[in-house]
$ cat my_file-v9.tsv   # TSV, C-alpha atoms
chain	number	residue	atom	x	y	z
A	505	MET	CA	0.00	0.00	0.00
A	506	PRO	CA	1.33	3.50	-0.79
A	507	PRO	CA	1.83	5.79	2.22
A	508	ARG	CA	-1.16	8.04	2.86
A	509	ARG	CA	-0.87	11.79	3.04
A	510	ALA	CA	-2.96	12.92	5.99
A	511	GLY	CA	-4.95	15.81	4.43
A	512	ALA	CA	-5.65	14.14	1.12
A	513	ALA	CA	-6.58	10.85	2.78
A	514	ARG	CA	-9.22	12.54	4.87
A	515	LEU	CA	-10.79	14.36	1.94
A	516	ASP	CA	-10.56	11.90	-0.92
A	517	PRO	CA	-12.65	8.91	0.23
A	518	PRO	CA	-15.87	10.90	0.93
A	519	ARG	CA	-15.41	12.73	-2.39
A	520	ALA	CA	-14.87	9.45	-4.22
A	521	ARG	CA	-17.86	7.91	-2.44
A	522	LEU	CA	-20.03	10.82	-3.49
A	523	ASP	CA	-18.93	10.38	-7.06
A	524	VAL	CA	-19.78	6.68	-7.01
A	525	GLU	CA	-23.20	7.40	-5.50
A	526	GLU	CA	-23.83	10.26	-7.90
A	527	ARG	CA	-22.83	8.09	-10.85
A	528	ARG	CA	-25.03	5.23	-9.62
A	529	ARG	CA	-27.92	7.67	-9.30
A	530	GLN	CA	-27.40	8.91	-12.86
A	531	LEU	CA	-27.23	5.35	-14.15
A	532	ILE	CA	-30.42	4.42	-12.30
A	533	GLU	CA	-32.21	7.38	-13.85
A	534	LEU	CA	-30.98	6.33	-17.27
A	535	GLY	CA	-32.10	2.74	-16.56
A	536	SER	CA	-35.51	3.98	-15.41
A	537	ARG	CA	-35.95	5.78	-18.71
A	538	LEU	CA	-34.88	2.77	-20.77
A	539	PHE	CA	-36.97	0.28	-18.73
A	540	SER	CA	-39.94	2.68	-18.90
A	541	SER	CA	-40.74	1.94	-22.49
A	542	ARG	CA	-39.19	-1.51	-22.89
A	543	THR	CA	-39.07	-4.66	-20.79
A	544	TYR	CA	-36.16	-6.14	-18.85
A	545	ASP	CA	-35.50	-8.72	-21.56
A	546	GLU	CA	-35.50	-6.17	-24.36
A	547	VAL	CA	-32.79	-3.96	-22.88
A	548	SER	CA	-29.26	-5.40	-23.14
A	549	ILE	CA	-26.33	-4.51	-20.94
A	550	ASP	CA	-24.49	-3.39	-24.09
A	551	GLU	CA	-27.22	-0.90	-24.81
A	552	LEU	CA	-27.26	0.37	-21.23
A	553	ALA	CA	-23.50	0.94	-21.35
A	554	ARG	CA	-23.73	2.62	-24.76
A	555	ALA	CA	-26.56	4.91	-23.60
A	556	ALA	CA	-24.54	5.85	-20.51
A	557	GLY	CA	-21.46	6.54	-22.61
A	558	ILE	CA	-19.33	4.17	-20.51
A	559	SER	CA	-17.75	0.77	-21.07
A	560	LYS	CA	-19.50	-2.44	-20.09
A	561	GLY	CA	-16.68	-3.05	-17.63
A	562	LEU	CA	-17.34	0.25	-15.87
A	563	LEU	CA	-21.08	-0.41	-15.79
A	564	TYR	CA	-20.37	-3.76	-14.09
A	565	HIS	CA	-18.27	-1.84	-11.58
A	566	TYR	CA	-21.42	0.02	-10.44
A	567	PHE	CA	-23.84	-2.90	-10.86
A	568	PRO	CA	-22.30	-6.40	-10.86
A	569	THR	CA	-25.14	-7.89	-12.95
A	570	LYS	CA	-27.98	-6.70	-15.15
A	571	ARG	CA	-30.34	-8.02	-12.48
A	572	ASP	CA	-28.70	-5.79	-9.83
A	573	PHE	CA	-29.17	-2.82	-12.12
A	574	TYR	CA	-32.81	-3.74	-12.75
A	575	VAL	CA	-33.57	-4.24	-9.04
A	576	ALA	CA	-32.02	-0.82	-8.34
A	577	THR	CA	-34.29	0.81	-10.96
A	578	VAL	CA	-37.36	-0.97	-9.53
A	579	ARG	CA	-36.42	0.24	-6.04
A	580	HIS	CA	-35.93	3.78	-7.38
A	581	ALA	CA	-39.29	3.62	-9.22
A	582	ALA	CA	-41.12	2.40	-6.10
A	583	LYS	CA	-39.61	5.21	-4.00
A	584	ASP	CA	-40.47	7.75	-6.71
A	585	LEU	CA	-44.06	6.46	-6.95
A	586	LEU	CA	-44.53	6.63	-3.17
A	587	GLU	CA	-43.12	10.16	-3.03
A	588	ARG	CA	-45.19	11.43	-5.94
A	589	THR	CA	-48.44	9.98	-4.57
A	590	PHE	CA	-47.84	11.21	-1.03
A	591	ARG	CA	-50.14	13.97	0.21
A	592	PRO	CA	-49.58	15.69	3.60
A	593	SER	CA	-51.96	15.00	6.49
A	594	GLU	CA	-53.08	18.66	6.52
A	595	MET	CA	-55.25	17.86	3.50
A	596	THR	CA	-58.62	16.15	3.94
A	597	ALA	CA	-58.79	12.39	3.46
A	598	ALA	CA	-60.72	12.84	0.20
A	599	GLU	CA	-58.19	15.36	-1.15
A	600	ARG	CA	-55.28	13.07	-0.26
A	601	LEU	CA	-56.94	10.11	-1.92
A	602	GLN	CA	-57.93	11.99	-5.07
A	603	GLY	CA	-54.61	13.83	-5.34
A	604	GLY	CA	-52.70	10.61	-4.71
A	605	LEU	CA	-54.68	8.76	-7.37
A	606	ASP	CA	-54.18	11.57	-9.87
A	607	ALA	CA	-50.45	11.37	-9.28
A	608	PHE	CA	-50.60	7.58	-9.55
A	609	LEU	CA	-52.43	7.66	-12.89
A	610	GLU	CA	-50.04	10.31	-14.20
A	611	TYR	CA	-47.09	8.17	-13.12
A	612	VAL	CA	-48.33	4.96	-14.76
A	613	SER	CA	-49.29	6.88	-17.91
A	614	GLU	CA	-45.64	7.96	-18.16
A	615	HIS	CA	-44.18	4.55	-17.27
A	616	GLY	CA	-46.80	2.25	-18.81
A	617	THR	CA	-44.58	-0.46	-20.25
A	618	ALA	CA	-42.36	-0.75	-17.20
A	619	TYR	CA	-45.35	-0.79	-14.88
A	620	THR	CA	-47.29	-3.36	-16.87
A	621	SER	CA	-44.32	-5.67	-17.40
A	622	LEU	CA	-43.26	-5.46	-13.74
A	623	LEU	CA	-46.64	-6.86	-12.70
A	624	ARG	CA	-46.81	-9.46	-15.47
A	625	SER	CA	-46.27	-13.12	-14.63
A	626	GLY	CA	-42.99	-14.74	-15.40
A	627	ILE	CA	-41.07	-17.90	-14.77
A	628	GLY	CA	-40.27	-17.93	-11.10
A	629	ALA	CA	-40.39	-14.90	-8.86
A	630	ASP	CA	-37.49	-12.76	-7.74
A	631	LEU	CA	-37.61	-12.37	-3.95
A	632	GLU	CA	-36.10	-8.88	-3.91
A	633	VAL	CA	-38.37	-7.51	-6.66
A	634	ALA	CA	-41.42	-9.19	-5.11
A	635	ARG	CA	-40.52	-7.63	-1.75
A	636	ILE	CA	-40.23	-4.12	-3.24
A	637	VAL	CA	-43.61	-4.49	-5.02
A	638	ASP	CA	-45.21	-5.92	-1.89
A	639	SER	CA	-43.92	-3.23	0.47
A	640	THR	CA	-45.12	-0.53	-1.95
A	641	ARG	CA	-48.63	-2.05	-1.88
A	642	GLU	CA	-48.41	-2.33	1.91
A	643	GLU	CA	-47.46	1.35	2.20
A	644	PHE	CA	-50.55	2.27	0.13
A	645	CYS	CA	-52.66	0.19	2.54
A	646	THR	CA	-51.11	1.89	5.56
A	647	ARG	CA	-51.99	5.28	4.05
A	648	LEU	CA	-55.55	4.10	3.41
A	649	VAL	CA	-56.00	2.83	6.98
A	650	GLU	CA	-54.69	6.16	8.29
A	651	GLY	CA	-56.59	8.33	5.80
A	652	LEU	CA	-59.88	6.53	6.30
A	653	GLY	CA	-59.43	6.51	10.07
A	654	ILE	CA	-59.92	2.76	10.38
A	655	ASP	CA	-58.90	1.79	13.90
A	656	ALA	CA	-60.54	-1.55	14.60
A	657	PRO	CA	-60.45	-3.39	11.25
A	658	GLY	CA	-62.61	-6.51	11.02
A	659	PRO	CA	-61.24	-9.66	9.32
A	660	LEU	CA	-62.42	-8.45	5.88
A	661	MET	CA	-60.77	-5.02	6.01
A	662	ARG	CA	-57.24	-6.10	5.13
A	663	PRO	CA	-58.29	-8.28	2.17
A	664	ALA	CA	-60.52	-5.36	1.14
A	665	LEU	CA	-57.71	-2.79	1.16
A	666	ARG	CA	-55.10	-5.08	-0.41
A	667	GLY	CA	-57.84	-6.08	-2.84
A	668	TRP	CA	-58.52	-2.46	-3.70
A	669	VAL	CA	-54.83	-1.89	-4.47
A	670	GLY	CA	-54.97	-4.95	-6.77
A	671	PHE	CA	-58.16	-3.55	-8.29
A	672	VAL	CA	-56.48	-0.20	-9.01
A	673	GLU	CA	-53.51	-1.96	-10.61
A	674	ALA	CA	-55.59	-4.23	-12.83
A	675	ALA	CA	-58.09	-1.51	-13.81
A	676	THR	CA	-55.21	0.83	-14.65
A	677	ILE	CA	-53.35	-1.75	-16.75
A	678	ASP	CA	-56.55	-2.35	-18.72
A	679	TRP	CA	-57.14	1.40	-19.08
A	680	LEU	CA	-53.57	1.96	-20.33
A	681	SER	CA	-54.09	-0.45	-23.22
A	682	SER	CA	-57.67	0.49	-24.05
A	683	PRO	CA	-58.37	1.64	-27.63
A	684	ARG	CA	-60.95	4.13	-26.30
A	685	PRO	CA	-59.94	4.82	-22.71
A	686	ALA	CA	-62.14	6.63	-20.19
A	687	GLU	CA	-61.02	10.15	-19.22
A	688	ARG	CA	-58.37	10.04	-16.52
A	689	ALA	CA	-60.56	12.08	-14.14
A	690	ALA	CA	-63.48	9.68	-14.71
A	691	LEU	CA	-61.30	6.68	-13.92
A	692	ARG	CA	-59.98	8.40	-10.79
A	693	SER	CA	-63.49	9.20	-9.51
A	694	PHE	CA	-64.52	5.62	-10.21
A	695	LEU	CA	-61.57	4.22	-8.21
A	696	VAL	CA	-62.44	6.51	-5.29
A	697	GLU	CA	-66.13	5.58	-5.32
A	698	VAL	CA	-65.32	1.88	-5.40
A	699	LEU	CA	-63.02	2.29	-2.39
A	700	PHE	CA	-65.76	3.95	-0.36
A	701	ALA	CA	-68.32	1.33	-1.37
A	702	MET	CA	-65.87	-1.46	-0.55
A	703	VAL	CA	-64.97	-0.10	2.86
A	704	LEU	CA	-68.65	0.27	3.71
A	705	ILE	CA	-69.33	-3.34	2.67
A	706	ALA	CA	-66.23	-4.71	4.48
A	707	GLY	CA	-67.07	-2.82	7.65
A	708	LYS	CA	-70.66	-4.02	7.89
B	178	MET	CA	-36.85	-46.25	-43.38
B	179	PRO	CA	-38.04	-49.81	-42.62
B	180	PRO	CA	-40.90	-51.11	-44.77
B	181	ARG	CA	-44.32	-50.63	-43.18
B	182	ARG	CA	-46.69	-53.49	-42.60
B	183	ALA	CA	-50.15	-52.22	-43.53
B	184	GLY	CA	-52.19	-53.35	-40.46
B	185	ALA	CA	-49.61	-52.65	-37.79
B	186	ALA	CA	-48.68	-49.31	-39.29
B	187	ARG	CA	-52.25	-48.13	-38.98
B	188	LEU	CA	-52.55	-49.16	-35.34
B	189	ASP	CA	-49.14	-48.48	-33.82
B	190	PRO	CA	-48.62	-44.74	-34.25
B	191	PRO	CA	-51.89	-43.69	-32.57
B	192	ARG	CA	-51.15	-46.14	-29.72
B	193	ALA	CA	-47.64	-44.76	-29.29
B	194	ARG	CA	-48.99	-41.22	-29.45
B	195	LEU	CA	-51.55	-42.02	-26.80
B	196	ASP	CA	-48.83	-43.38	-24.54
B	197	VAL	CA	-46.76	-40.24	-24.94
B	198	GLU	CA	-49.78	-38.03	-24.26
B	199	GLU	CA	-50.86	-40.17	-21.32
B	200	ARG	CA	-47.35	-40.04	-19.85
B	201	ARG	CA	-47.17	-36.27	-20.39
B	202	ARG	CA	-50.52	-35.91	-18.64
B	203	GLN	CA	-49.30	-37.96	-15.66
B	204	LEU	CA	-46.12	-35.90	-15.47
B	205	ILE	CA	-48.09	-32.64	-15.59
B	206	GLU	CA	-50.28	-33.84	-12.74
B	207	LEU	CA	-47.19	-34.73	-10.75
B	208	GLY	CA	-45.69	-31.32	-11.58
B	209	SER	CA	-48.89	-29.58	-10.53
B	210	ARG	CA	-48.70	-31.30	-7.15
B	211	LEU	CA	-45.03	-30.38	-6.66
B	212	PHE	CA	-45.46	-26.77	-7.84
B	213	SER	CA	-48.58	-26.46	-5.67
B	214	SER	CA	-46.69	-26.21	-2.44
B	215	ARG	CA	-43.30	-24.95	-3.67
B	216	THR	CA	-42.14	-22.37	-6.18
B	217	TYR	CA	-40.58	-22.89	-9.60
B	218	ASP	CA	-37.08	-22.16	-8.27
B	219	GLU	CA	-37.41	-24.57	-5.36
B	220	VAL	CA	-38.26	-27.63	-7.47
B	221	SER	CA	-35.29	-29.10	-9.37
B	222	ILE	CA	-35.47	-31.20	-12.50
B	223	ASP	CA	-33.66	-33.97	-10.55
B	224	GLU	CA	-36.44	-33.99	-7.99
B	225	LEU	CA	-39.15	-34.02	-10.66
B	226	ALA	CA	-37.49	-37.03	-12.36
B	227	ARG	CA	-37.03	-38.81	-9.00
B	228	ALA	CA	-40.68	-38.22	-8.02
B	229	ALA	CA	-41.83	-39.52	-11.42
B	230	GLY	CA	-39.61	-42.58	-11.07
B	231	ILE	CA	-37.93	-41.92	-14.43
B	232	SER	CA	-34.51	-40.77	-15.55
B	233	LYS	CA	-33.72	-37.11	-16.18
B	234	GLY	CA	-33.07	-38.06	-19.80
B	235	LEU	CA	-36.56	-39.50	-20.19
B	236	LEU	CA	-38.12	-36.46	-18.51
B	237	TYR	CA	-36.30	-34.24	-21.03
B	238	HIS	CA	-37.78	-36.41	-23.76
B	239	TYR	CA	-41.29	-35.30	-22.71
B	240	PHE	CA	-40.34	-31.72	-21.77
B	241	PRO	CA	-37.14	-30.35	-23.35
B	242	THR	CA	-36.57	-27.85	-20.50
B	243	LYS	CA	-37.77	-27.23	-16.95
B	244	ARG	CA	-39.45	-24.09	-18.29
B	245	ASP	CA	-41.45	-26.16	-20.82
B	246	PHE	CA	-42.57	-28.43	-18.01
B	247	TYR	CA	-43.53	-25.46	-15.84
B	248	VAL	CA	-45.47	-23.75	-18.65
B	249	ALA	CA	-47.36	-27.01	-19.25
B	250	THR	CA	-48.34	-27.20	-15.56
B	251	VAL	CA	-49.45	-23.53	-15.58
B	252	ARG	CA	-51.55	-24.22	-18.69
B	253	HIS	CA	-53.04	-27.30	-17.03
B	254	ALA	CA	-53.76	-25.33	-13.84
B	255	ALA	CA	-55.48	-22.53	-15.78
B	256	LYS	CA	-57.67	-25.04	-17.65
B	257	ASP	CA	-58.48	-26.82	-14.40
B	258	LEU	CA	-59.38	-23.54	-12.66
B	259	LEU	CA	-61.64	-22.46	-15.54
B	260	GLU	CA	-63.39	-25.86	-15.57
B	261	ARG	CA	-63.88	-25.97	-11.82
B	262	THR	CA	-65.28	-22.45	-11.64
B	263	PHE	CA	-67.61	-22.91	-14.63
B	264	ARG	CA	-71.34	-22.97	-13.89
B	265	PRO	CA	-73.92	-23.78	-16.60
B	266	SER	CA	-76.15	-21.03	-17.96
B	267	GLU	CA	-79.25	-22.79	-16.61
B	268	MET	CA	-78.34	-21.44	-13.17
B	269	THR	CA	-79.18	-17.87	-12.20
B	270	ALA	CA	-76.44	-15.24	-12.56
B	271	ALA	CA	-76.14	-14.98	-8.76
B	272	GLU	CA	-75.84	-18.77	-8.37
B	273	ARG	CA	-73.19	-18.94	-11.08
B	274	LEU	CA	-71.20	-16.14	-9.52
B	275	GLN	CA	-71.42	-17.49	-5.97
B	276	GLY	CA	-70.78	-21.08	-7.01
B	277	GLY	CA	-67.89	-20.01	-9.23
B	278	LEU	CA	-66.32	-17.97	-6.43
B	279	ASP	CA	-66.72	-20.84	-3.97
B	280	ALA	CA	-64.92	-23.12	-6.40
B	281	PHE	CA	-62.27	-20.44	-6.94
B	282	LEU	CA	-61.60	-20.00	-3.22
B	283	GLU	CA	-61.49	-23.77	-2.75
B	284	TYR	CA	-59.02	-24.04	-5.62
B	285	VAL	CA	-56.65	-21.36	-4.34
B	286	SER	CA	-56.87	-22.73	-0.80
B	287	GLU	CA	-55.56	-26.03	-2.21
B	288	HIS	CA	-52.91	-24.46	-4.44
B	289	GLY	CA	-51.95	-21.43	-2.35
B	290	THR	CA	-48.19	-21.39	-2.89
B	291	ALA	CA	-48.36	-22.02	-6.63
B	292	TYR	CA	-51.10	-19.42	-7.05
B	293	THR	CA	-49.34	-16.76	-4.99
B	294	SER	CA	-45.94	-17.30	-6.58
B	295	LEU	CA	-47.38	-17.35	-10.11
B	296	LEU	CA	-48.73	-13.84	-9.58
B	297	ARG	CA	-45.63	-12.54	-7.78
B	298	SER	CA	-43.28	-10.16	-9.57
B	299	GLY	CA	-40.05	-11.45	-10.96
B	300	ILE	CA	-37.20	-10.40	-13.17
B	301	GLY	CA	-38.63	-10.11	-16.64
B	302	ALA	CA	-41.88	-11.64	-17.77
B	303	ASP	CA	-42.39	-14.86	-19.69
B	304	LEU	CA	-44.62	-14.18	-22.68
B	305	GLU	CA	-46.23	-17.62	-22.70
B	306	VAL	CA	-46.97	-17.65	-18.95
B	307	ALA	CA	-48.22	-14.05	-19.07
B	308	ARG	CA	-50.52	-14.98	-21.97
B	309	ILE	CA	-52.01	-17.95	-20.07
B	310	VAL	CA	-52.62	-15.80	-16.98
B	311	ASP	CA	-54.07	-13.00	-19.09
B	312	SER	CA	-56.42	-15.21	-21.09
B	313	THR	CA	-57.68	-16.82	-17.87
B	314	ARG	CA	-58.52	-13.36	-16.50
B	315	GLU	CA	-60.13	-12.45	-19.83
B	316	GLU	CA	-62.31	-15.58	-19.72
B	317	PHE	CA	-63.51	-14.59	-16.23
B	318	CYS	CA	-64.43	-11.15	-17.63
B	319	THR	CA	-66.31	-12.71	-20.55
B	320	ARG	CA	-68.31	-14.81	-18.09
B	321	LEU	CA	-69.06	-11.70	-16.02
B	322	VAL	CA	-70.23	-9.71	-19.04
B	323	GLU	CA	-72.46	-12.61	-20.05
B	324	GLY	CA	-73.72	-13.41	-16.53
B	325	LEU	CA	-74.46	-9.79	-15.69
B	326	GLY	CA	-76.12	-9.22	-19.06
B	327	ILE	CA	-73.97	-6.22	-19.91
B	328	ASP	CA	-74.55	-5.45	-23.59
B	329	ALA	CA	-73.49	-1.85	-24.08
B	330	PRO	CA	-70.50	-1.39	-21.76
B	331	GLY	CA	-69.38	2.20	-21.18
B	332	PRO	CA	-65.64	3.06	-21.15
B	333	LEU	CA	-65.36	2.25	-17.43
B	334	MET	CA	-66.89	-1.22	-17.59
B	335	ARG	CA	-63.85	-3.09	-18.89
B	336	PRO	CA	-61.42	-1.52	-16.38
B	337	ALA	CA	-64.08	-2.26	-13.74
B	338	LEU	CA	-64.35	-5.96	-14.60
B	339	ARG	CA	-60.62	-6.50	-15.12
B	340	GLY	CA	-60.14	-4.48	-11.94
B	341	TRP	CA	-62.55	-6.74	-10.06
B	342	VAL	CA	-60.59	-9.82	-11.16
B	343	GLY	CA	-57.41	-8.12	-9.86
B	344	PHE	CA	-59.29	-7.26	-6.68
B	345	VAL	CA	-60.33	-10.90	-6.17
B	346	GLU	CA	-56.74	-12.07	-6.73
B	347	ALA	CA	-55.17	-9.55	-4.34
B	348	ALA	CA	-57.85	-9.97	-1.66
B	349	THR	CA	-57.50	-13.76	-1.89
B	350	ILE	CA	-53.69	-13.72	-1.66
B	351	ASP	CA	-53.97	-11.56	1.46
B	352	TRP	CA	-56.67	-13.83	2.90
B	353	LEU	CA	-54.54	-16.95	2.28
B	354	SER	CA	-51.71	-15.58	4.39
B	355	SER	CA	-53.83	-13.97	7.12
B	356	PRO	CA	-53.18	-15.11	10.71
B	357	ARG	CA	-56.91	-14.77	11.46
B	358	PRO	CA	-58.65	-15.12	8.11
B	359	ALA	CA	-62.32	-14.31	7.54
B	360	GLU	CA	-64.63	-17.30	6.96
B	361	ARG	CA	-64.52	-18.43	3.35
B	362	ALA	CA	-68.27	-17.81	2.95
B	363	ALA	CA	-67.90	-14.28	4.35
B	364	LEU	CA	-65.08	-13.50	1.91
B	365	ARG	CA	-67.15	-14.89	-0.98
B	366	SER	CA	-70.18	-12.76	-0.09
B	367	PHE	CA	-67.94	-9.73	0.21
B	368	LEU	CA	-66.44	-10.32	-3.25
B	369	VAL	CA	-69.93	-10.65	-4.74
B	370	GLU	CA	-71.24	-7.49	-3.07
B	371	VAL	CA	-68.23	-5.50	-4.23
B	372	LEU	CA	-68.82	-6.67	-7.81
B	373	PHE	CA	-72.42	-5.50	-7.75
B	374	ALA	CA	-71.49	-2.14	-6.20
B	375	MET	CA	-68.67	-1.70	-8.74
B	376	VAL	CA	-70.87	-2.50	-11.74
B	377	LEU	CA	-73.50	-0.05	-10.50
B	378	ILE	CA	-70.88	2.68	-10.11
B	379	ALA	CA	-69.22	1.95	-13.48
B	380	GLY	CA	-72.55	1.91	-15.28
B	381	LYS	CA	-73.74	5.24	-13.92
$ encode --input "my_file-v9.tsv" --output "structure tokens"
Amino acid sequence: MPPRRAGAARLDPPRARLDVEERRRQLIELGSRLFSSRTYDEVSIDELARAAGISKGLLYHYFPTKRDFYVATVRHAAKDLLERTFRPSEMTAAERLQGGLDAFLEYVSEHGTAYTSLLRSGIGADLEVARIVDSTREEFCTRLVEGLGIDAPGPLMRPALRGWVGFVEAATIDWLSSPRPAERAALRSFLVEVLFAMVLIAGK
Amino acid sequence: MPPRRAGAARLDPPRARLDVEERRRQLIELGSRLFSSRTYDEVSIDELARAAGISKGLLYHYFPTKRDFYVATVRHAAKDLLERTFRPSEMTAAERLQGGLDAFLEYVSEHGTAYTSLLRSGIGADLEVARIVDSTREEFCTRLVEGLGIDAPGPLMRPALRGWVGFVEAATIDWLSSPRPAERAALRSFLVEVLFAMVLIAGK
């Protein structure tokens, strides 16, 4: 090992770390764009490296495998979706729900292919990806429980709320591919009304 | 090519074909049992061959890859699910829906792991598996449209029905893993009531 110079040694590692993190962040954003319109299988590591303007070797330095890179973009997308759909508790429950759904529909309209293919069945599941998808759905449920002020849920309430999230996903995927889709605002109102009806039925 | 003897030639090929099909059918049933309680990744081709009492080489003769074998079991499961949930048109719409849902909940209670892991997110989708899952959902929608007598669906009806199928799937997956699950009959009634509420709202 070469001898370390005190000052430089103290400054360089954090700087270098920042660069690595910053570069990873840029690559993830690039990956998110590429995976937005095409599926995992369609995007090659060669193309990712070319689009990033770096060598394959350097790309592997940041993400050891294509899967690692994909998982990182899924994690980034989930975080982004949760942030964009978040509404502060100062708003009314109805405003939070409607605003959150508007943001959700805007998000999936922008990332249709990635969203649809992420939720499509494949051969075998990937534990890490499944966990990210599941915890995103769970966070939506937690927001619903809080927003709707449900404090003593009966045995049907959890299946109802997780079911509603599945309903929103499936309805949205159908809407995205419809030749004559409903207006986005009409779909949003429909999703809200179904939630209220469902909660009433589950709580009976 | 050896010369063909007229009589034997006419009988043998169908017989041999039947044996191959019969053996494939037996293997698919075995695969369905094994994939019922464990995921695709957990079941090895060695184990499948051992459980079938045949060599790996012979198993590969019927199914060239593990994926082929898995796709065949998914196709078999989808056909089985559609048959078991089918109710003849002589019954009332409500009877067909309730009876179909009872059969559905019984089916997924028996095949919980396979069902849950089939619908779990993975790395990349498999076109053939995704198509089987999608056409099963589509068949459920067709039955709903027919059973409910919907003849001029507005732009929200399709997202509503596909959404309801997604709702049933997500609610059921949550119910299967619940530490204190609702009674099966209570869940079934809830699913039915939500469908009726949803159709009313979508048709407004």
$ atom_distance --input "my_file-v9.tsv" --atom1 "CA of Met334 (chain B)" --atom2 "CA of Glu346 (chain B)"
18.4 Å
$ atom_distance --input "my_file-v9.tsv" --atom1 "CA of Arg600 (chain A)" --atom2 "CA of Gly651 (chain A)"
7.8 Å
$ interface_residues --input "my_file-v9.tsv" --of "chain B" --to "chain A" --cutoff "9 Å" --atoms "all atoms listed in the file" --output "PyMOL selection string"
chain B and resi 216-218+244+247-248+294-308+310-311+331-333+335-352+355+357-360+363-364+367-368+370-371+374-375+378-379
$ write_last_selection --input "my_file-v9.tsv" --atoms "C-alpha atoms" --output "CSV table (one decimal), in the frame of the given file"
chain,number,residue,atom,x,y,z
B,216,THR,CA,-42.1,-22.4,-6.2
B,217,TYR,CA,-40.6,-22.9,-9.6
B,218,ASP,CA,-37.1,-22.2,-8.3
B,244,ARG,CA,-39.4,-24.1,-18.3
B,247,TYR,CA,-43.5,-25.5,-15.8
B,248,VAL,CA,-45.5,-23.8,-18.6
B,294,SER,CA,-45.9,-17.3,-6.6
B,295,LEU,CA,-47.4,-17.4,-10.1
B,296,LEU,CA,-48.7,-13.8,-9.6
B,297,ARG,CA,-45.6,-12.5,-7.8
B,298,SER,CA,-43.3,-10.2,-9.6
B,299,GLY,CA,-40.0,-11.4,-11.0
B,300,ILE,CA,-37.2,-10.4,-13.2
B,301,GLY,CA,-38.6,-10.1,-16.6
B,302,ALA,CA,-41.9,-11.6,-17.8
B,303,ASP,CA,-42.4,-14.9,-19.7
B,304,LEU,CA,-44.6,-14.2,-22.7
B,305,GLU,CA,-46.2,-17.6,-22.7
B,306,VAL,CA,-47.0,-17.6,-19.0
B,307,ALA,CA,-48.2,-14.0,-19.1
B,308,ARG,CA,-50.5,-15.0,-22.0
B,310,VAL,CA,-52.6,-15.8,-17.0
B,311,ASP,CA,-54.1,-13.0,-19.1
B,331,GLY,CA,-69.4,2.2,-21.2
B,332,PRO,CA,-65.6,3.1,-21.2
B,333,LEU,CA,-65.4,2.2,-17.4
B,335,ARG,CA,-63.8,-3.1,-18.9
B,336,PRO,CA,-61.4,-1.5,-16.4
B,337,ALA,CA,-64.1,-2.3,-13.7
B,338,LEU,CA,-64.4,-6.0,-14.6
B,339,ARG,CA,-60.6,-6.5,-15.1
B,340,GLY,CA,-60.1,-4.5,-11.9
B,341,TRP,CA,-62.6,-6.7,-10.1
B,342,VAL,CA,-60.6,-9.8,-11.2
B,343,GLY,CA,-57.4,-8.1,-9.9
B,344,PHE,CA,-59.3,-7.3,-6.7
B,345,VAL,CA,-60.3,-10.9,-6.2
B,346,GLU,CA,-56.7,-12.1,-6.7
B,347,ALA,CA,-55.2,-9.6,-4.3
B,348,ALA,CA,-57.8,-10.0,-1.7
B,349,THR,CA,-57.5,-13.8,-1.9
B,350,ILE,CA,-53.7,-13.7,-1.7
B,351,ASP,CA,-54.0,-11.6,1.5
B,352,TRP,CA,-56.7,-13.8,2.9
B,355,SER,CA,-53.8,-14.0,7.1
B,357,ARG,CA,-56.9,-14.8,11.5
B,358,PRO,CA,-58.6,-15.1,8.1
B,359,ALA,CA,-62.3,-14.3,7.5
B,360,GLU,CA,-64.6,-17.3,7.0
B,363,ALA,CA,-67.9,-14.3,4.4
B,364,LEU,CA,-65.1,-13.5,1.9
B,367,PHE,CA,-67.9,-9.7,0.2
B,368,LEU,CA,-66.4,-10.3,-3.2
B,370,GLU,CA,-71.2,-7.5,-3.1
B,371,VAL,CA,-68.2,-5.5,-4.2
B,374,ALA,CA,-71.5,-2.1,-6.2
B,375,MET,CA,-68.7,-1.7,-8.7
B,378,ILE,CA,-70.9,2.7,-10.1
B,379,ALA,CA,-69.2,2.0,-13.5
$ atom_distance --input "my_file-v9.tsv" --atom1 "CA of Thr262 (chain B)" --atom2 "CA of Ala280 (chain B)"
5.3 Å
$ axis_aligned_box --input "my_file-v9.tsv" --around "region 272-276 of chain B" --padding-each-side "8 Å" --output "JSON"
{"center_x": -73.3, "center_y": -18.6, "center_z": -8.5, "size_x": 21.1, "size_y": 20.9, "size_z": 21.1}
$ closest_residue --input "my_file-v9.tsv" --among "A:Ala656, A:Ala582, A:Leu609, A:Ile549" --to "Thr640 (chain A)" --atoms "only C-alpha atoms"
A:Ala582
$ residues_around --input "my_file-v9.tsv" --residues "Lys583 (chain A)" --least-positions-apart "2" --cutoff "12 Å" --atoms "only C-alpha atoms" --output "NGL selection string"
:A and (576-581 or 585-590 or 636-637 or 639-641 or 643)
$ residues_around --input "my_file-v9.tsv" --residues "region 265-269 of chain B" --least-positions-apart "6" --cutoff "12 Å" --atoms "all atoms listed in the file" --output "PyMOL selection string"
chain B and resi 275-277+320-321+323-326
$ residues_near_point --input "my_file-v9.tsv" --point "(-35.4, -31.3, -12.3)" --cutoff "12 Å" --atoms "only C-alpha atoms" --output "ChimeraX atom specification"
/B:208,211-212,217-229,231-237,240-247
